[in-house]
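To start, the structure itself, in structure tokens.
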Amino acid sequence: MSFTIHRYPVHLIDVVYLANGRRVLMRPALPQDGELLRAFVQGLSSEARYFRFLTKFSELPQGIVDRFTRIDYQRHVALIAETVTRAGETMVGEARYVIDEQDPEIAEFALAVADDWRGMGLAGTLLERLVDHAASSGIRRIVGDAFATNTAIVTFAKRYGFTVTRSLGDSRLVRVVKDLVTQDQHAISVEQSLQEAAVAA
């Protein structure tokens with residue numbers, strides 16, 4: 001069965017150089033990325049898989065593979081980072097958000113980076129690109145859940161401007177939240193600054 005992407009965001013395709021000089025291709029996910037995604041998740045440590053999906057499994061279920069690769073780029077947006085060599089493609093990171101069904105101005109996000117690619121700035125780059133796209137799409141708040149014991153992601157979230165609170169639904173979890181500046185808000189802010197500058201002049 002075919003799957004149609006209505007608005008594939010080609011502007012999100014980019015080559016990124018990490019802090020240590022390593023190069024990755026960042027691009028929106030495609031329906032044919034299923035095997036790349038499977039290999040990526042299987043290559044994560046058991047702890048990393050558990051922290052990413054908040055449950056334990058050794059292999060990504062087919063239902064999740066389908067859901068994570070058949071993306072409409074309206075309510076669901078996903079970016080992958082990969083290396084491309086003569087041997088083929090290798091996925092080394094992914095980040096995505098899904099718009100809340102009850103409130104279209106809120107999106108829930110998640111991300112993961114291959115164990116060997118941590119500490120190079122890849123997670124931060126993925127998050128920044130995802131957040132920028134969310135804001136430009138009119139999303140006003142982005143949220144995510146993590147285990148309270150996952151101190152690395154909690155510290156990471158705070159570094160990128162998220163507030164961290166205890167989850168009301170599960171005492172094991174914390175919720176990270178960031179209010180975004182949308183394009184409309186940014187335009188208003190610029191206009192106000194111009195007006196203030198004109199008055200001051």
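Chain labels follow the order of the structure tokens: the first chain is A, the next B, and so on; residue numbering restarts at 1 in every chain, and ligands are counted from 1 in their shown order.
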Problem - Spatial neighbours of region 113-115 of chain A, max dist 9 Å, only C-alpha atoms, sep filter under 3 positions, as a PyMOL selection string - result: chain A and resi 40-41+43-45+48+81+91-95+118+122-123
Output of the above residues as an mmCIF file, in the first residue's frame, restricted to C-alpha atoms:
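Written output follows (again26.cif):
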data_model
loop_
_atom_site.group_PDB
_atom_site.id
_atom_site.type_symbol
_atom_site.label_atom_id
_atom_site.label_comp_id
_atom_site.auth_asym_id
_atom_site.auth_seq_id
_atom_site.Cartn_x
_atom_site.Cartn_y
_atom_site.Cartn_z
ATOM 1 C CA PHE A 40 19.062 2.338 14.787
ATOM 2 C CA VAL A 41 16.810 1.291 17.664
ATOM 3 C CA GLY A 43 21.779 -0.598 18.076
ATOM 4 C CA LEU A 44 20.847 1.482 21.123
ATOM 5 C CA SER A 45 21.798 0.180 24.539
ATOM 6 C CA ALA A 48 18.771 4.040 25.935
ATOM 7 C CA ALA A 81 20.330 12.175 11.186
ATOM 8 C CA MET A 91 20.895 6.321 11.110
ATOM 9 C CA VAL A 92 22.545 7.941 14.141
ATOM 10 C CA GLY A 93 19.752 10.092 15.576
ATOM 11 C CA GLU A 94 16.081 10.974 15.352
ATOM 12 C CA ALA A 95 13.724 13.609 16.723
ATOM 13 C CA ARG A 118 26.587 11.418 22.060
ATOM 14 C CA LEU A 122 23.859 16.121 17.608
ATOM 15 C CA ALA A 123 20.991 15.936 20.104
#
Problem - Near-Pro28 (chain A) list (12 Å; only C-alpha atoms; drop same-chain fewer than 3 positions) as a PyMOL selection string - result: chain A and resi 5+7-14+25+31-33+68-73+76-82+93-97+126+129-130+133
Would you output that residue set with N, CA and C atoms, as a compact mmCIF listing (two decimals), in the first residue's frame?
# COMPACT_ATOMS: atom_id res chain seq x y z
N ILE A 5 2.91 11.68 1.10
CA ILE A 5 3.31 12.78 1.96
C ILE A 5 2.83 14.06 1.29
N ARG A 7 3.08 17.35 2.25
CA ARG A 7 3.97 18.51 2.24
C ARG A 7 5.31 18.10 2.83
N TYR A 8 6.09 17.39 2.06
CA TYR A 8 7.40 16.98 2.54
C TYR A 8 8.29 18.22 2.69
N PRO A 9 8.78 18.50 3.91
CA PRO A 9 9.53 19.75 4.15
C PRO A 9 10.98 19.67 3.69
N VAL A 10 11.20 19.87 2.41
CA VAL A 10 12.54 19.76 1.84
C VAL A 10 13.50 20.78 2.45
N HIS A 11 12.97 21.89 2.97
CA HIS A 11 13.84 22.92 3.55
C HIS A 11 14.55 22.42 4.81
N LEU A 12 14.10 21.30 5.36
CA LEU A 12 14.74 20.75 6.56
C LEU A 12 15.91 19.82 6.22
N ILE A 13 16.16 19.59 4.94
CA ILE A 13 17.32 18.78 4.54
C ILE A 13 18.58 19.62 4.67
N ASP A 14 19.58 19.08 5.35
CA ASP A 14 20.79 19.87 5.57
C ASP A 14 21.95 18.93 5.91
N LEU A 25 24.01 13.89 7.58
CA LEU A 25 22.91 14.41 6.78
C LEU A 25 21.67 14.42 7.66
N PRO A 31 8.82 7.08 4.24
CA PRO A 31 8.21 5.77 4.47
C PRO A 31 9.19 4.61 4.29
N GLN A 32 10.20 4.76 3.43
CA GLN A 32 11.15 3.69 3.18
C GLN A 32 12.25 3.60 4.22
N ASP A 33 12.16 4.38 5.29
CA ASP A 33 13.21 4.38 6.32
C ASP A 33 12.99 3.32 7.40
N PHE A 68 6.09 5.47 12.81
CA PHE A 68 7.24 6.38 12.82
C PHE A 68 7.77 6.73 11.44
N THR A 69 7.32 6.04 10.41
CA THR A 69 7.81 6.33 9.06
C THR A 69 6.71 6.84 8.12
N ARG A 70 5.46 6.58 8.44
CA ARG A 70 4.35 7.08 7.62
C ARG A 70 3.85 8.39 8.23
N ILE A 71 4.48 9.47 7.81
CA ILE A 71 4.34 10.76 8.48
C ILE A 71 3.69 11.77 7.55
N ASP A 72 2.71 12.50 8.05
CA ASP A 72 1.99 13.43 7.18
C ASP A 72 2.62 14.83 7.13
N TYR A 73 3.54 15.13 8.05
CA TYR A 73 4.20 16.44 8.14
C TYR A 73 3.20 17.58 8.32
N HIS A 76 2.35 15.30 12.44
CA HIS A 76 3.51 14.51 12.87
C HIS A 76 4.71 14.91 12.01
N VAL A 77 5.80 15.30 12.66
CA VAL A 77 7.02 15.71 11.97
C VAL A 77 8.18 14.91 12.56
N ALA A 78 9.05 14.37 11.71
CA ALA A 78 10.18 13.58 12.19
C ALA A 78 11.43 13.90 11.39
N LEU A 79 12.53 14.12 12.10
CA LEU A 79 13.84 14.34 11.49
C LEU A 79 14.75 13.18 11.84
N ILE A 80 15.55 12.75 10.87
CA ILE A 80 16.56 11.75 11.17
C ILE A 80 17.93 12.33 10.79
N ALA A 81 18.94 11.84 11.50
CA ALA A 81 20.33 12.17 11.19
C ALA A 81 20.99 10.88 10.76
N GLU A 82 21.73 10.94 9.65
CA GLU A 82 22.35 9.72 9.14
C GLU A 82 23.71 10.02 8.54
N GLY A 93 20.58 9.30 14.69
CA GLY A 93 19.75 10.09 15.58
C GLY A 93 18.39 10.35 14.98
N GLU A 94 17.42 10.63 15.83
CA GLU A 94 16.08 10.97 15.35
C GLU A 94 15.39 11.85 16.37
N ALA A 95 14.52 12.74 15.87
CA ALA A 95 13.72 13.61 16.72
C ALA A 95 12.39 13.82 16.03
N ARG A 96 11.33 13.89 16.82
CA ARG A 96 9.99 14.02 16.23
C ARG A 96 9.06 14.71 17.20
N TYR A 97 7.98 15.26 16.64
CA TYR A 97 6.89 15.73 17.49
C TYR A 97 5.57 15.34 16.85
N LEU A 126 19.43 18.50 16.58
CA LEU A 126 18.13 17.91 16.24
C LEU A 126 17.00 18.65 16.95
N ARG A 129 16.41 22.23 15.53
CA ARG A 129 15.73 22.21 14.23
C ARG A 129 14.25 21.87 14.41
N LEU A 130 13.99 20.91 15.29
CA LEU A 130 12.61 20.49 15.53
C LEU A 130 11.80 21.61 16.17
N HIS A 133 11.06 24.43 13.70
CA HIS A 133 10.01 24.06 12.76
C HIS A 133 8.64 24.10 13.44
Handout entry: Within 10 Å of Ile153 (chain A) using only C-alpha atoms, minus same-chain residues under 6 positions, as a PyMOL selection string
Key = chain A and resi 51+111-112+145-147+159+176
Okay, now the selection with N, CA and C atoms, as an mmCIF file, in the first residue's frame?
data_model
loop_
_atom_site.group_PDB
_atom_site.id
_atom_site.type_symbol
_atom_site.label_atom_id
_atom_site.label_comp_id
_atom_site.auth_asym_id
_atom_site.auth_seq_id
_atom_site.Cartn_x
_atom_site.Cartn_y
_atom_site.Cartn_z
ATOM 1 N N PHE A 51 14.774 4.390 28.001
ATOM 2 C CA PHE A 51 14.574 5.820 28.227
ATOM 3 C C PHE A 51 13.842 6.485 27.064
ATOM 4 N N LEU A 111 13.309 12.389 21.327
ATOM 5 C CA LEU A 111 14.498 12.260 20.484
ATOM 6 C C LEU A 111 15.420 11.204 21.056
ATOM 7 N N ALA A 112 16.310 10.729 20.211
ATOM 8 C CA ALA A 112 17.306 9.740 20.616
ATOM 9 C C ALA A 112 18.524 9.877 19.712
ATOM 10 N N ASP A 145 7.976 13.685 27.914
ATOM 11 C CA ASP A 145 8.047 12.936 29.161
ATOM 12 C C ASP A 145 9.357 12.165 29.226
ATOM 13 N N ALA A 146 9.897 12.044 30.429
ATOM 14 C CA ALA A 146 11.134 11.285 30.642
ATOM 15 C C ALA A 146 11.115 10.699 32.041
ATOM 16 N N PHE A 147 11.861 9.619 32.219
ATOM 17 C CA PHE A 147 11.999 9.077 33.561
ATOM 18 C C PHE A 147 12.774 10.061 34.423
ATOM 19 N N ARG A 159 19.064 22.852 29.820
ATOM 20 C CA ARG A 159 20.053 23.634 29.072
ATOM 21 C C ARG A 159 19.406 24.307 27.866
ATOM 22 N N VAL A 176 8.870 17.761 30.648
ATOM 23 C CA VAL A 176 9.655 18.930 30.257
ATOM 24 C C VAL A 176 8.801 19.764 29.312
#
Exercise for the section: Enumerate, as a PyMOL selection string, the complete set of residues in region 14-147 of chain A that a backbone-based DSSP assignment places in helix (DSSP H, G or I). Expected result: chain A and resi 31-43+46-53+62-69+115-117+122-136
Residues from the last selection, C-alpha atoms, saved as a PDB file, in the first residue's frame:
ATOM      1  CA  PRO A  31       8.213   5.767   4.473  1.00  0.00           C
ATOM      2  CA  GLN A  32      11.146   3.685   3.177  1.00  0.00           C
ATOM      3  CA  ASP A  33      13.208   4.377   6.320  1.00  0.00           C
ATOM      4  CA  GLY A  34      11.762   1.415   8.220  1.00  0.00           C
ATOM      5  CA  GLU A  35      14.874  -0.760   8.131  1.00  0.00           C
ATOM      6  CA  LEU A  36      17.110   2.199   8.980  1.00  0.00           C
ATOM      7  CA  LEU A  37      14.915   2.904  11.998  1.00  0.00           C
ATOM      8  CA  ARG A  38      14.900  -0.752  13.097  1.00  0.00           C
ATOM      9  CA  ALA A  39      18.678  -0.947  12.926  1.00  0.00           C
ATOM     10  CA  PHE A  40      19.062   2.338  14.787  1.00  0.00           C
ATOM     11  CA  VAL A  41      16.810   1.291  17.664  1.00  0.00           C
ATOM     12  CA  GLN A  42      18.330  -2.181  17.862  1.00  0.00           C
ATOM     13  CA  GLY A  43      21.779  -0.598  18.076  1.00  0.00           C
ATOM     14  CA  SER A  46      18.939  -1.424  26.470  1.00  0.00           C
ATOM     15  CA  GLU A  47      18.911   1.566  28.817  1.00  0.00           C
ATOM     16  CA  ALA A  48      18.771   4.040  25.935  1.00  0.00           C
ATOM     17  CA  ARG A  49      15.846   2.143  24.373  1.00  0.00           C
ATOM     18  CA  TYR A  50      14.049   2.105  27.706  1.00  0.00           C
ATOM     19  CA  PHE A  51      14.574   5.820  28.227  1.00  0.00           C
ATOM     20  CA  ARG A  52      13.466   6.643  24.680  1.00  0.00           C
ATOM     21  CA  PHE A  53      10.287   4.549  24.571  1.00  0.00           C
ATOM     22  CA  GLN A  62       6.147  -3.295  13.307  1.00  0.00           C
ATOM     23  CA  GLY A  63       3.275  -1.070  14.388  1.00  0.00           C
ATOM     24  CA  ILE A  64       5.701   1.514  15.747  1.00  0.00           C
ATOM     25  CA  VAL A  65       7.881   1.255  12.633  1.00  0.00           C
ATOM     26  CA  ASP A  66       4.851   2.037  10.474  1.00  0.00           C
ATOM     27  CA  ARG A  67       3.740   4.900  12.703  1.00  0.00           C
ATOM     28  CA  PHE A  68       7.238   6.385  12.824  1.00  0.00           C
ATOM     29  CA  THR A  69       7.810   6.327   9.065  1.00  0.00           C
ATOM     30  CA  ASP A 115      25.317   5.779  21.925  1.00  0.00           C
ATOM     31  CA  ASP A 116      28.546   6.372  19.985  1.00  0.00           C
ATOM     32  CA  TRP A 117      27.347   9.774  18.742  1.00  0.00           C
ATOM     33  CA  LEU A 122      23.859  16.121  17.608  1.00  0.00           C
ATOM     34  CA  ALA A 123      20.991  15.936  20.104  1.00  0.00           C
ATOM     35  CA  GLY A 124      21.004  19.701  20.525  1.00  0.00           C
ATOM     36  CA  THR A 125      21.043  20.298  16.775  1.00  0.00           C
ATOM     37  CA  LEU A 126      18.129  17.913  16.236  1.00  0.00           C
ATOM     38  CA  LEU A 127      16.156  19.554  19.018  1.00  0.00           C
ATOM     39  CA  GLU A 128      16.812  23.087  17.771  1.00  0.00           C
ATOM     40  CA  ARG A 129      15.730  22.214  14.225  1.00  0.00           C
ATOM     41  CA  LEU A 130      12.606  20.488  15.531  1.00  0.00           C
ATOM     42  CA  VAL A 131      11.670  23.351  17.858  1.00  0.00           C
ATOM     43  CA  ASP A 132      12.244  25.968  15.142  1.00  0.00           C
ATOM     44  CA  HIS A 133      10.005  24.061  12.757  1.00  0.00           C
ATOM     45  CA  ALA A 134       7.333  23.661  15.427  1.00  0.00           C
ATOM     46  CA  ALA A 135       7.361  27.392  16.168  1.00  0.00           C
ATOM     47  CA  SER A 136       7.176  28.296  12.469  1.00  0.00           C
TER      48      SER A 136
END
Handout entry: Nearest-residue call for Arg175 (chain A), choices A:Asp103, A:Glu108, A:Glu89, A:Glu59, using only C-alpha atoms
Key =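 For Arg175 (chain A), the nearest of the given residues is A:Glu108.
CA of Val164 (chain A) to CA of Gly121 (chain A) spans 21.2 Å [interatomic distance, one decimal].
The closest residue to Thr83 (chain A), picked from A:Leu54, A:Gly138, A:Tyr17, A:Thr165 and counting only C-alpha atoms, is A:Tyr17.
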Practice task
Identify, with DSSP run on backbone atoms, the residues in region 102-152 of chain A assigned to strand (DSSP E), and express the list as a list of chain:residue names.
Solution key: A:Ile106, A:Ala107, A:Glu108, A:Phe109, A:Ala110, A:Leu111, A:Ala112, A:Val113, A:Arg141, A:Ile142, A:Val143, A:Gly144, A:Asp145, A:Ala146, A:Phe147
Exercise for the section: Quick one: pull the distance between CA of Ala87 (chain A) and CA of Val16 (chain A), Å, one decimal. Expected result: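 Computing the Euclidean distance for CA of Ala87 (chain A) and CA of Val16 (chain A) yields 20.0 Å.
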